[in-house]
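So the structure is just underneath, and the comments pick up after that.
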Amino acid sequence: MTEIQAEVRLPTKDLRQDLRFFTETLGMRLDTIYPADDPKVAVFSGHGLRLRIETGASESPGTIRVRTEDPGKFADGKRRFTAPNGTLVEIDELNPPLVLPPTIHSFVVRRLADQAPWIVGRAGMEYRDLIPDRLGGSIIASHIRIPDGGPVPDMVHYHTVGFQLIFCIGGWVDVVYEDQGPAIRLHAGNCFIQPPEIRHRVIRASDSVEVIEIGVPAEHITTIDHEMALPTPYVRPDREWDGQRFVHHQADGSTWTPHRLPGYVSRDTTISENTGGVADVRVVKRGHGEPEWRRHDAEILFTFVMDGELTLEGERREPHRLGQGDAFVIPPDMRTRLSDPTDNMELLEVALPGRFRTTR
């Protein structure tokens, strides 16, 4: 096999100063330097990077980010400095901790009829944003569709998240997960909980498959795992990732019980139990009795209308008649009532944390 190497070229005006900086300060290895009598070019390697420092090069000095497990022990603990040739160097953590931004509460109504744009995202999937303000960056809710069925050009990857839900609302999709056996088909009405950093890959989808994806926080990193092959040789259904277990909730055989809101019933997806109370996910439909005004104290309460219609009433707000494809967020302590549901109404309700109070 022919060996191939790639270099990033950076300029210099005084190669002697840069020799010392890149070898001593950054700890890189000097691989080549020439000409011998008056060096103009030096090539360094290290930290997964290969640099060609060239006198008079026309490129801008650029920026180098060095990621390390212990930034305090690298380059005398400096986190930002400039090389003699003008290159900015930033030192960052190799595995930075997940930061959950504080929730900025707001009352959100997102209608399908508003024609929010569909954005082509990862692996050719189309995304529609259901919470435009992201509640200050604390959550993202996406309506995702794959118009053309068949194999999905996905790779083994994982997400650095605090919580992630995939709920299928139309069609089906095949996904393979780390330590969960062969590919699992997710049908409409069913859902997956993807624990933090569980490796997975989307294999195949039906025509016009649609899912609702919830992620906390809104901006989180997706990392490709080039080493792991799926399916993995072991099946470990009780394994935990950051205290959460993988969940494949199936509607068939589920039990409907009185919901927290009078006049409705719901089925529990067991997600609160399997995430240690991080979140609660329920499917809600019309029950017996009349809807009443209520408040809640959840940090985040998101609802998506999967079928039918209902009216969302809020204190000092105009009522909203909502239908299939619409979504809303009710902030804590706001009096609301879900009234006039049609017989076929069905809601997806996601709450964080999983345990919260609802009061009159």
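We name chains A, B, ... following the order of the structure tokens; residues begin at 1 in each chain, and ligands are numbered from 1 as shown.
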
For the strand (DSSP E) assignment from backbone DSSP, which residues of range 13-227 of chain A qualify? Please present them as a short mmCIF file (atom, residue, chain, number, x, y, z; two decimals) with N, CA, C and O atoms, in the first residue's frame.
```cif
data_model
loop_
_atom_site.label_atom_id
_atom_site.label_comp_id
_atom_site.auth_asym_id
_atom_site.auth_seq_id
_atom_site.Cartn_x
_atom_site.Cartn_y
_atom_site.Cartn_z
N ARG A 29 7.80 16.94 17.19
CA ARG A 29 9.05 16.35 16.71
C ARG A 29 9.46 17.00 15.40
O ARG A 29 8.63 17.18 14.50
N LEU A 30 10.74 17.36 15.28
CA LEU A 30 11.27 17.88 14.03
C LEU A 30 11.62 16.71 13.12
O LEU A 30 12.46 15.87 13.46
N ASP A 31 10.96 16.64 11.95
CA ASP A 31 11.17 15.52 11.04
C ASP A 31 12.14 15.86 9.91
O ASP A 31 13.01 15.06 9.57
N THR A 32 11.99 17.03 9.30
CA THR A 32 12.90 17.43 8.23
C THR A 32 13.17 18.92 8.33
O THR A 32 12.33 19.69 8.81
N ILE A 33 14.37 19.33 7.84
CA ILE A 33 14.73 20.74 7.78
C ILE A 33 15.72 20.93 6.64
O ILE A 33 16.62 20.11 6.45
N TYR A 34 15.52 21.98 5.84
CA TYR A 34 16.42 22.22 4.70
C TYR A 34 16.20 23.64 4.18
O TYR A 34 15.18 24.26 4.50
N VAL A 41 12.76 25.73 5.41
CA VAL A 41 11.60 24.88 5.61
C VAL A 41 11.88 23.89 6.73
O VAL A 41 12.97 23.30 6.78
N ALA A 42 10.91 23.71 7.61
CA ALA A 42 10.99 22.68 8.66
C ALA A 42 9.63 21.99 8.75
O ALA A 42 8.59 22.64 8.65
N VAL A 43 9.65 20.66 8.92
CA VAL A 43 8.42 19.89 9.04
C VAL A 43 8.40 19.25 10.43
O VAL A 43 9.37 18.59 10.83
N PHE A 44 7.29 19.48 11.15
CA PHE A 44 7.12 18.96 12.51
C PHE A 44 5.92 18.01 12.53
O PHE A 44 4.97 18.16 11.76
N SER A 45 5.94 17.06 13.46
CA SER A 45 4.80 16.17 13.66
C SER A 45 4.58 15.97 15.15
O SER A 45 5.51 16.01 15.95
N GLY A 46 3.32 15.72 15.49
CA GLY A 46 2.98 15.47 16.89
C GLY A 46 1.54 15.83 17.18
O GLY A 46 0.93 16.64 16.47
N LEU A 49 -0.85 15.79 14.29
CA LEU A 49 -0.75 16.88 13.33
C LEU A 49 0.62 16.87 12.67
O LEU A 49 1.63 16.51 13.29
N ARG A 50 0.67 17.27 11.39
CA ARG A 50 1.93 17.42 10.67
C ARG A 50 1.97 18.83 10.08
O ARG A 50 1.08 19.22 9.33
N LEU A 51 2.99 19.61 10.45
CA LEU A 51 3.10 21.01 10.06
C LEU A 51 4.34 21.23 9.20
O LEU A 51 5.42 20.72 9.50
N ARG A 52 4.16 22.02 8.16
CA ARG A 52 5.28 22.47 7.33
C ARG A 52 5.41 23.97 7.53
O ARG A 52 4.54 24.74 7.11
N ILE A 53 6.47 24.40 8.20
CA ILE A 53 6.72 25.81 8.46
C ILE A 53 7.68 26.29 7.38
O ILE A 53 8.80 25.79 7.28
N GLU A 54 7.23 27.25 6.58
CA GLU A 54 7.98 27.63 5.39
C GLU A 54 8.19 29.14 5.34
O GLU A 54 7.23 29.92 5.46
N THR A 55 9.44 29.55 5.18
CA THR A 55 9.76 30.96 5.09
C THR A 55 9.09 31.59 3.87
O THR A 55 9.23 31.09 2.75
N THR A 63 -4.74 29.01 13.27
CA THR A 63 -4.92 28.66 14.68
C THR A 63 -4.75 27.16 14.84
O THR A 63 -5.26 26.37 14.04
N ILE A 64 -4.04 26.76 15.88
CA ILE A 64 -3.88 25.35 16.24
C ILE A 64 -4.55 25.13 17.59
O ILE A 64 -4.30 25.87 18.55
N ARG A 65 -5.46 24.15 17.66
CA ARG A 65 -6.07 23.76 18.93
C ARG A 65 -5.47 22.44 19.37
O ARG A 65 -5.55 21.44 18.67
N VAL A 66 -4.85 22.43 20.54
CA VAL A 66 -4.27 21.23 21.12
C VAL A 66 -5.20 20.75 22.23
O VAL A 66 -5.47 21.49 23.18
N ARG A 67 -5.68 19.52 22.12
CA ARG A 67 -6.58 18.96 23.13
C ARG A 67 -5.81 17.93 23.94
O ARG A 67 -5.19 17.02 23.39
N THR A 68 -5.88 18.06 25.26
CA THR A 68 -5.12 17.19 26.14
C THR A 68 -5.94 16.87 27.38
O THR A 68 -6.80 17.65 27.79
N ARG A 80 -3.78 29.89 26.05
CA ARG A 80 -3.87 30.63 24.79
C ARG A 80 -2.61 31.48 24.63
O ARG A 80 -2.30 32.28 25.49
N PHE A 81 -1.89 31.30 23.54
CA PHE A 81 -0.69 32.09 23.29
C PHE A 81 -0.38 32.08 21.80
O PHE A 81 -1.05 31.38 21.01
N THR A 82 0.62 32.86 21.39
CA THR A 82 0.93 33.04 19.98
C THR A 82 2.36 32.58 19.69
O THR A 82 3.30 32.96 20.41
N LEU A 88 -1.87 31.34 16.26
CA LEU A 88 -2.52 31.32 17.56
C LEU A 88 -2.64 29.88 18.03
O LEU A 88 -3.07 29.00 17.27
N VAL A 89 -2.28 29.62 19.27
CA VAL A 89 -2.36 28.27 19.84
C VAL A 89 -3.32 28.29 21.01
O VAL A 89 -3.19 29.10 21.94
N GLU A 90 -4.32 27.40 20.96
CA GLU A 90 -5.29 27.26 22.03
C GLU A 90 -5.17 25.87 22.64
O GLU A 90 -5.09 24.88 21.92
N ILE A 91 -5.16 25.80 23.95
CA ILE A 91 -5.08 24.52 24.66
C ILE A 91 -6.43 24.25 25.29
O ILE A 91 -6.99 25.09 26.00
N ASP A 92 -6.98 23.07 25.00
CA ASP A 92 -8.33 22.74 25.49
C ASP A 92 -8.33 21.33 26.05
O ASP A 92 -7.39 20.55 25.85
N GLU A 93 -9.41 21.00 26.76
CA GLU A 93 -9.54 19.67 27.34
C GLU A 93 -9.86 18.65 26.27
O GLU A 93 -10.63 18.91 25.35
N VAL A 108 -44.09 28.56 24.10
CA VAL A 108 -43.77 28.35 22.69
C VAL A 108 -44.91 27.60 22.01
O VAL A 108 -45.39 26.59 22.55
N VAL A 109 -45.36 28.10 20.88
CA VAL A 109 -46.30 27.38 20.02
C VAL A 109 -45.70 27.34 18.62
O VAL A 109 -45.39 28.39 18.05
N ARG A 110 -45.50 26.14 18.10
CA ARG A 110 -44.89 25.96 16.78
C ARG A 110 -45.86 25.18 15.90
O ARG A 110 -46.19 24.02 16.20
N ILE A 119 -34.29 21.69 6.97
CA ILE A 119 -32.86 21.84 6.75
C ILE A 119 -32.24 20.45 6.57
O ILE A 119 -32.49 19.54 7.37
N VAL A 120 -31.44 20.29 5.53
CA VAL A 120 -30.76 19.01 5.31
C VAL A 120 -29.59 18.91 6.28
O VAL A 120 -28.68 19.75 6.28
N GLU A 126 -33.67 15.33 6.86
CA GLU A 126 -34.24 16.67 6.85
C GLU A 126 -34.79 17.00 8.24
O GLU A 126 -35.52 16.20 8.83
N TYR A 127 -34.46 18.20 8.73
CA TYR A 127 -34.79 18.61 10.10
C TYR A 127 -35.70 19.84 10.08
O TYR A 127 -35.48 20.79 9.34
N ARG A 128 -36.73 19.82 10.96
CA ARG A 128 -37.58 20.99 11.21
C ARG A 128 -37.52 21.31 12.69
O ARG A 128 -37.79 20.45 13.54
N ASP A 129 -37.15 22.54 13.04
CA ASP A 129 -36.95 22.94 14.43
C ASP A 129 -38.31 23.19 15.09
O ASP A 129 -39.11 23.98 14.61
N ILE A 140 -33.17 20.85 22.39
CA ILE A 140 -33.53 20.93 20.99
C ILE A 140 -34.57 19.85 20.71
O ILE A 140 -34.46 18.72 21.20
N ALA A 141 -35.61 20.24 19.98
CA ALA A 141 -36.65 19.29 19.56
C ALA A 141 -36.75 19.39 18.05
O ALA A 141 -37.02 20.48 17.52
N SER A 142 -36.54 18.29 17.37
CA SER A 142 -36.51 18.30 15.91
C SER A 142 -37.52 17.31 15.34
O SER A 142 -37.67 16.19 15.85
N HIS A 143 -38.21 17.75 14.32
CA HIS A 143 -39.05 16.88 13.51
C HIS A 143 -38.16 16.45 12.34
O HIS A 143 -37.74 17.29 11.54
N ILE A 144 -37.85 15.16 12.24
CA ILE A 144 -36.89 14.66 11.25
C ILE A 144 -37.61 13.74 10.28
O ILE A 144 -38.43 12.91 10.69
N ARG A 145 -37.29 13.86 9.00
CA ARG A 145 -37.87 12.95 8.02
C ARG A 145 -36.80 12.53 7.02
O ARG A 145 -35.81 13.23 6.78
N ILE A 146 -37.01 11.33 6.47
CA ILE A 146 -36.18 10.82 5.39
C ILE A 146 -37.13 10.52 4.24
O ILE A 146 -37.86 9.52 4.28
N GLY A 150 -34.88 3.20 2.12
CA GLY A 150 -33.74 2.40 1.71
C GLY A 150 -32.59 2.55 2.67
O GLY A 150 -32.74 3.06 3.79
N PRO A 151 -31.38 2.13 2.26
CA PRO A 151 -30.21 2.25 3.14
C PRO A 151 -29.92 3.71 3.47
O PRO A 151 -30.08 4.60 2.63
N HIS A 157 -21.61 6.14 15.42
CA HIS A 157 -21.35 7.41 16.08
C HIS A 157 -22.01 7.42 17.45
O HIS A 157 -22.74 6.50 17.82
N TYR A 158 -21.73 8.47 18.21
CA TYR A 158 -22.38 8.67 19.51
C TYR A 158 -22.53 10.16 19.77
O TYR A 158 -21.87 11.00 19.14
N HIS A 159 -23.42 10.48 20.71
CA HIS A 159 -23.72 11.87 21.04
C HIS A 159 -23.36 12.14 22.50
O HIS A 159 -23.69 11.34 23.38
N THR A 160 -22.70 13.25 22.74
CA THR A 160 -22.39 13.67 24.10
C THR A 160 -23.56 14.51 24.59
O THR A 160 -23.66 15.72 24.32
N PHE A 163 -29.54 13.79 27.69
CA PHE A 163 -30.74 13.00 27.44
C PHE A 163 -31.04 13.07 25.95
O PHE A 163 -30.86 14.11 25.31
N GLN A 164 -31.51 11.93 25.39
CA GLN A 164 -31.87 11.91 23.98
C GLN A 164 -32.98 10.90 23.73
O GLN A 164 -32.88 9.73 24.12
N LEU A 165 -34.03 11.37 23.05
CA LEU A 165 -35.19 10.55 22.72
C LEU A 165 -35.38 10.51 21.22
O LEU A 165 -35.26 11.53 20.53
N ILE A 166 -35.70 9.32 20.69
CA ILE A 166 -36.10 9.16 19.30
C ILE A 166 -37.49 8.52 19.32
O ILE A 166 -37.64 7.37 19.75
N PHE A 167 -38.51 9.26 18.86
CA PHE A 167 -39.88 8.76 18.85
C PHE A 167 -40.35 8.73 17.40
O PHE A 167 -40.38 9.74 16.71
N CYS A 168 -40.75 7.55 16.93
CA CYS A 168 -41.18 7.39 15.54
C CYS A 168 -42.66 7.75 15.42
O CYS A 168 -43.50 7.20 16.15
N ILE A 169 -42.98 8.64 14.49
CA ILE A 169 -44.38 9.03 14.30
C ILE A 169 -44.91 8.60 12.94
O ILE A 169 -46.11 8.78 12.64
N GLY A 170 -44.08 8.01 12.10
CA GLY A 170 -44.53 7.54 10.79
C GLY A 170 -43.49 6.66 10.15
O GLY A 170 -42.29 6.94 10.22
N TRP A 172 -41.00 3.44 9.50
CA TRP A 172 -40.13 2.68 10.41
C TRP A 172 -38.67 2.95 10.05
O TRP A 172 -38.35 3.42 8.95
N VAL A 173 -37.80 2.66 11.01
CA VAL A 173 -36.37 2.84 10.80
C VAL A 173 -35.63 1.73 11.55
O VAL A 173 -36.03 1.33 12.65
N ASP A 174 -34.58 1.18 10.93
CA ASP A 174 -33.74 0.16 11.55
C ASP A 174 -32.47 0.80 12.10
O ASP A 174 -31.76 1.50 11.37
N VAL A 175 -32.19 0.54 13.38
CA VAL A 175 -31.01 1.10 14.04
C VAL A 175 -30.31 -0.03 14.80
O VAL A 175 -30.97 -0.87 15.41
N VAL A 176 -28.98 -0.02 14.76
CA VAL A 176 -28.22 -1.00 15.54
C VAL A 176 -27.49 -0.25 16.64
O VAL A 176 -26.93 0.83 16.42
N TYR A 177 -27.54 -0.82 17.87
CA TYR A 177 -26.99 -0.17 19.06
C TYR A 177 -25.94 -1.05 19.72
O TYR A 177 -26.04 -2.29 19.72
N ILE A 184 -32.56 -3.13 15.37
CA ILE A 184 -33.91 -3.08 15.92
C ILE A 184 -34.76 -2.18 15.04
O ILE A 184 -34.34 -1.06 14.70
N ARG A 185 -35.93 -2.64 14.68
CA ARG A 185 -36.84 -1.83 13.86
C ARG A 185 -37.75 -1.01 14.76
O ARG A 185 -38.50 -1.56 15.58
N LEU A 186 -37.69 0.29 14.60
CA LEU A 186 -38.53 1.21 15.37
C LEU A 186 -39.74 1.58 14.52
O LEU A 186 -39.62 2.21 13.47
N HIS A 187 -40.93 1.15 14.97
CA HIS A 187 -42.17 1.42 14.25
C HIS A 187 -42.84 2.68 14.78
O HIS A 187 -42.55 3.15 15.89
N CYS A 191 -40.59 4.14 20.62
CA CYS A 191 -39.48 5.07 20.82
C CYS A 191 -38.24 4.37 21.36
O CYS A 191 -38.31 3.27 21.91
N PHE A 192 -37.10 5.04 21.17
CA PHE A 192 -35.82 4.66 21.74
C PHE A 192 -35.37 5.75 22.70
O PHE A 192 -35.58 6.94 22.44
N ILE A 193 -34.74 5.34 23.79
CA ILE A 193 -33.90 6.25 24.56
C ILE A 193 -32.46 5.89 24.24
O ILE A 193 -32.05 4.74 24.40
N HIS A 200 -24.13 3.82 17.96
CA HIS A 200 -25.27 3.35 17.18
C HIS A 200 -25.10 3.77 15.72
O HIS A 200 -24.27 4.62 15.39
N ARG A 201 -25.93 3.19 14.87
CA ARG A 201 -25.91 3.53 13.44
C ARG A 201 -27.27 3.26 12.85
O ARG A 201 -27.87 2.21 13.09
N VAL A 202 -27.79 4.22 12.10
CA VAL A 202 -29.05 4.05 11.38
C VAL A 202 -28.76 3.22 10.13
O VAL A 202 -27.87 3.56 9.34
N ILE A 203 -29.50 2.12 9.95
CA ILE A 203 -29.22 1.19 8.85
C ILE A 203 -30.11 1.44 7.64
O ILE A 203 -29.62 1.59 6.51
N ARG A 204 -31.39 1.46 7.88
CA ARG A 204 -32.35 1.50 6.77
C ARG A 204 -33.63 2.16 7.26
O ARG A 204 -33.96 2.12 8.45
N ALA A 205 -34.36 2.79 6.33
CA ALA A 205 -35.61 3.45 6.69
C ALA A 205 -36.65 3.18 5.62
O ALA A 205 -36.33 2.93 4.45
N VAL A 209 -40.27 8.06 6.34
CA VAL A 209 -40.21 7.87 7.79
C VAL A 209 -40.09 9.24 8.46
O VAL A 209 -39.44 10.15 7.93
N GLU A 210 -40.74 9.38 9.62
CA GLU A 210 -40.67 10.62 10.39
C GLU A 210 -40.47 10.29 11.86
O GLU A 210 -41.11 9.38 12.40
N VAL A 211 -39.57 11.03 12.52
CA VAL A 211 -39.33 10.85 13.95
C VAL A 211 -39.26 12.22 14.62
O VAL A 211 -38.98 13.24 13.97
N ILE A 212 -39.52 12.21 15.93
CA ILE A 212 -39.27 13.37 16.77
C ILE A 212 -38.04 13.05 17.60
O ILE A 212 -37.97 12.01 18.25
N GLU A 213 -37.05 13.93 17.53
CA GLU A 213 -35.81 13.74 18.30
C GLU A 213 -35.67 14.88 19.30
O GLU A 213 -35.76 16.05 18.95
N ILE A 214 -35.47 14.50 20.57
CA ILE A 214 -35.26 15.47 21.65
C ILE A 214 -33.83 15.30 22.15
O ILE A 214 -33.39 14.19 22.44
N GLY A 215 -33.09 16.41 22.25
CA GLY A 215 -31.73 16.36 22.76
C GLY A 215 -31.49 17.42 23.81
O GLY A 215 -31.95 18.56 23.69
N VAL A 216 -30.76 17.04 24.87
CA VAL A 216 -30.40 17.96 25.95
C VAL A 216 -28.91 17.83 26.20
O VAL A 216 -28.43 16.72 26.46
N ILE A 221 -22.23 17.44 20.88
CA ILE A 221 -21.25 16.94 19.92
C ILE A 221 -21.64 15.54 19.46
O ILE A 221 -21.99 14.68 20.27
N THR A 222 -21.57 15.32 18.15
CA THR A 222 -21.70 13.98 17.57
C THR A 222 -20.31 13.54 17.13
O THR A 222 -19.64 14.24 16.37
N THR A 223 -19.88 12.39 17.64
CA THR A 223 -18.53 11.89 17.36
C THR A 223 -18.62 10.58 16.58
O THR A 223 -19.37 9.67 16.95
N ILE A 224 -17.87 10.48 15.49
CA ILE A 224 -17.80 9.26 14.71
C ILE A 224 -16.84 8.30 15.37
O ILE A 224 -15.71 8.67 15.72
#
```

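Between CA of Ile104 in chain A and CA of Val161 in chain A the separation is 18.7 Å.
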
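From CA of Asp252 in chain A back to CA of Glu290 in chain A, the distance works out to 27.2 Å.
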
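Among A:Leu348, A:Gly27, A:Asp297, A:Asp148, the residue with the shortest atom-to-atom distance to Thr269 in chain A, counting only C-alpha atoms, is A:Leu348.
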
Can you check which residues of range 195-328 of chain A DSSP gives as helix (DSSP H, G or I) on the backbone and send them as a PDB file with C-alpha atoms, in the first residue's frame?
```
ATOM      1  CA  ILE A 271     -38.169   6.208  30.452  1.00  0.00           C
ATOM      2  CA  SER A 272     -38.258   7.946  33.830  1.00  0.00           C
ATOM      3  CA  GLU A 273     -37.449   4.643  35.516  1.00  0.00           C
ATOM      4  CA  ASN A 274     -34.632   3.799  33.117  1.00  0.00           C
TER       5      ASN A 274
END
```

Could you make a table, as a Markdown table, of the residues of range 235-314 of chain A that have an atom within 6 Å of an atom of range 322-341 of chain A, each with its nearest atom pair and distance in Å to one decimal, counting only C-alpha atoms, in chain and number order?
```
| residue | atom | partner | partner_atom | distance |
| --- | --- | --- | --- | --- |
| A:Pro291 | CA | A:Ser339 | CA | 5.8 |
| A:Glu292 | CA | A:Arg337 | CA | 5.9 |
| A:Trp293 | CA | A:Arg337 | CA | 4.6 |
| A:Arg294 | CA | A:Arg335 | CA | 5.5 |
| A:Arg295 | CA | A:Arg335 | CA | 4.9 |
| A:His296 | CA | A:Pro332 | CA | 5.4 |
| A:Asp297 | CA | A:Pro332 | CA | 4.8 |
| A:Ala298 | CA | A:Pro332 | CA | 5.9 |
| A:Leu301 | CA | A:Val329 | CA | 5.7 |
| A:Phe302 | CA | A:Val329 | CA | 4.6 |
| A:Thr303 | CA | A:Phe328 | CA | 5.4 |
| A:Phe304 | CA | A:Ala327 | CA | 4.3 |
| A:Val305 | CA | A:Gln324 | CA | 5.1 |
| A:Met306 | CA | A:Gln324 | CA | 5.2 |
| A:Asp307 | CA | A:Gln324 | CA | 4.8 |
| A:Gly308 | CA | A:Gly323 | CA | 5.8 |
| A:Glu309 | CA | A:Gly323 | CA | 4.4 |
| A:Leu310 | CA | A:Pro341 | CA | 4.2 |
| A:Thr311 | CA | A:Ser339 | CA | 5.1 |
| A:Leu312 | CA | A:Leu338 | CA | 4.9 |
| A:Glu313 | CA | A:Arg337 | CA | 5.1 |
| A:Gly314 | CA | A:Thr336 | CA | 4.3 |
```

I need the residues from that last selection saved to file as a PDB file, in the first residue's frame (with N, CA and C atoms), if you can.
```pdb
ATOM      1  N   PRO A 291     -61.536  18.378  30.894  1.00  0.00           N
ATOM      2  CA  PRO A 291     -60.229  18.991  31.161  1.00  0.00           C
ATOM      3  C   PRO A 291     -60.351  20.144  32.154  1.00  0.00           C
ATOM      4  N   GLU A 292     -59.324  20.335  32.960  1.00  0.00           N
ATOM      5  CA  GLU A 292     -59.310  21.391  33.960  1.00  0.00           C
ATOM      6  C   GLU A 292     -58.026  22.207  33.845  1.00  0.00           C
ATOM      7  N   TRP A 293     -58.079  23.411  34.429  1.00  0.00           N
ATOM      8  CA  TRP A 293     -56.880  24.266  34.459  1.00  0.00           C
ATOM      9  C   TRP A 293     -55.868  23.689  35.442  1.00  0.00           C
ATOM     10  N   ARG A 294     -54.607  23.690  35.058  1.00  0.00           N
ATOM     11  CA  ARG A 294     -53.542  23.130  35.894  1.00  0.00           C
ATOM     12  C   ARG A 294     -52.249  23.930  35.731  1.00  0.00           C
ATOM     13  N   ARG A 295     -51.360  23.774  36.720  1.00  0.00           N
ATOM     14  CA  ARG A 295     -49.987  24.282  36.652  1.00  0.00           C
ATOM     15  C   ARG A 295     -49.034  23.098  36.834  1.00  0.00           C
ATOM     16  N   HIS A 296     -47.795  23.268  36.417  1.00  0.00           N
ATOM     17  CA  HIS A 296     -46.772  22.241  36.680  1.00  0.00           C
ATOM     18  C   HIS A 296     -45.493  22.936  37.128  1.00  0.00           C
ATOM     19  N   ASP A 297     -44.570  22.165  37.717  1.00  0.00           N
ATOM     20  CA  ASP A 297     -43.283  22.733  38.140  1.00  0.00           C
ATOM     21  C   ASP A 297     -42.102  22.052  37.462  1.00  0.00           C
ATOM     22  N   ALA A 298     -42.334  21.422  36.309  1.00  0.00           N
ATOM     23  CA  ALA A 298     -41.227  20.812  35.563  1.00  0.00           C
ATOM     24  C   ALA A 298     -40.321  21.896  34.993  1.00  0.00           C
ATOM     25  N   LEU A 301     -41.366  21.247  29.784  1.00  0.00           N
ATOM     26  CA  LEU A 301     -42.514  20.420  29.431  1.00  0.00           C
ATOM     27  C   LEU A 301     -42.854  20.684  27.959  1.00  0.00           C
ATOM     28  N   PHE A 302     -42.507  19.729  27.118  1.00  0.00           N
ATOM     29  CA  PHE A 302     -42.682  19.842  25.670  1.00  0.00           C
ATOM     30  C   PHE A 302     -43.759  18.860  25.219  1.00  0.00           C
ATOM     31  N   THR A 303     -44.606  19.303  24.270  1.00  0.00           N
ATOM     32  CA  THR A 303     -45.673  18.449  23.759  1.00  0.00           C
ATOM     33  C   THR A 303     -45.737  18.570  22.240  1.00  0.00           C
ATOM     34  N   PHE A 304     -45.903  17.422  21.589  1.00  0.00           N
ATOM     35  CA  PHE A 304     -46.050  17.367  20.132  1.00  0.00           C
ATOM     36  C   PHE A 304     -47.381  16.688  19.813  1.00  0.00           C
ATOM     37  N   VAL A 305     -48.157  17.278  18.911  1.00  0.00           N
ATOM     38  CA  VAL A 305     -49.451  16.716  18.522  1.00  0.00           C
ATOM     39  C   VAL A 305     -49.216  15.704  17.408  1.00  0.00           C
ATOM     40  N   MET A 306     -49.400  14.411  17.732  1.00  0.00           N
ATOM     41  CA  MET A 306     -49.181  13.362  16.742  1.00  0.00           C
ATOM     42  C   MET A 306     -50.411  13.094  15.893  1.00  0.00           C
ATOM     43  N   ASP A 307     -51.603  13.350  16.462  1.00  0.00           N
ATOM     44  CA  ASP A 307     -52.830  13.085  15.715  1.00  0.00           C
ATOM     45  C   ASP A 307     -53.960  13.904  16.333  1.00  0.00           C
ATOM     46  N   GLY A 308     -54.992  14.163  15.526  1.00  0.00           N
ATOM     47  CA  GLY A 308     -56.169  14.855  16.021  1.00  0.00           C
ATOM     48  C   GLY A 308     -55.936  16.329  16.287  1.00  0.00           C
ATOM     49  N   GLU A 309     -56.834  16.899  17.101  1.00  0.00           N
ATOM     50  CA  GLU A 309     -56.780  18.326  17.420  1.00  0.00           C
ATOM     51  C   GLU A 309     -57.144  18.558  18.877  1.00  0.00           C
ATOM     52  N   LEU A 310     -56.733  19.711  19.395  1.00  0.00           N
ATOM     53  CA  LEU A 310     -57.114  20.168  20.733  1.00  0.00           C
ATOM     54  C   LEU A 310     -56.880  21.664  20.796  1.00  0.00           C
ATOM     55  N   THR A 311     -57.406  22.293  21.858  1.00  0.00           N
ATOM     56  CA  THR A 311     -57.198  23.728  22.054  1.00  0.00           C
ATOM     57  C   THR A 311     -56.298  23.939  23.260  1.00  0.00           C
ATOM     58  N   LEU A 312     -55.222  24.692  23.074  1.00  0.00           N
ATOM     59  CA  LEU A 312     -54.317  25.059  24.155  1.00  0.00           C
ATOM     60  C   LEU A 312     -54.727  26.428  24.668  1.00  0.00           C
ATOM     61  N   GLU A 313     -55.175  26.473  25.938  1.00  0.00           N
ATOM     62  CA  GLU A 313     -55.559  27.730  26.572  1.00  0.00           C
ATOM     63  C   GLU A 313     -54.525  28.074  27.642  1.00  0.00           C
ATOM     64  N   GLY A 314     -54.115  29.334  27.676  1.00  0.00           N
ATOM     65  CA  GLY A 314     -53.165  29.798  28.673  1.00  0.00           C
ATOM     66  C   GLY A 314     -53.615  31.091  29.292  1.00  0.00           C
TER      67      GLY A 314
END
```

Just give me the gap between CA of Asp225 in chain A and CA of Ile198 in chain A in Å, one decimal is fine. 10.6 Å

Could you name the residues that touch Gly287 in chain A at 12 Å or less, counting only C-alpha atoms, but leaving out those on the same chain fewer than 5 positions away, as JSON, numbers by chain? {"A": [256, 257, 258, 259, 260, 261, 262, 263, 264, 265, 266, 267, 339, 340, 341, 342, 343, 344, 345, 346]}
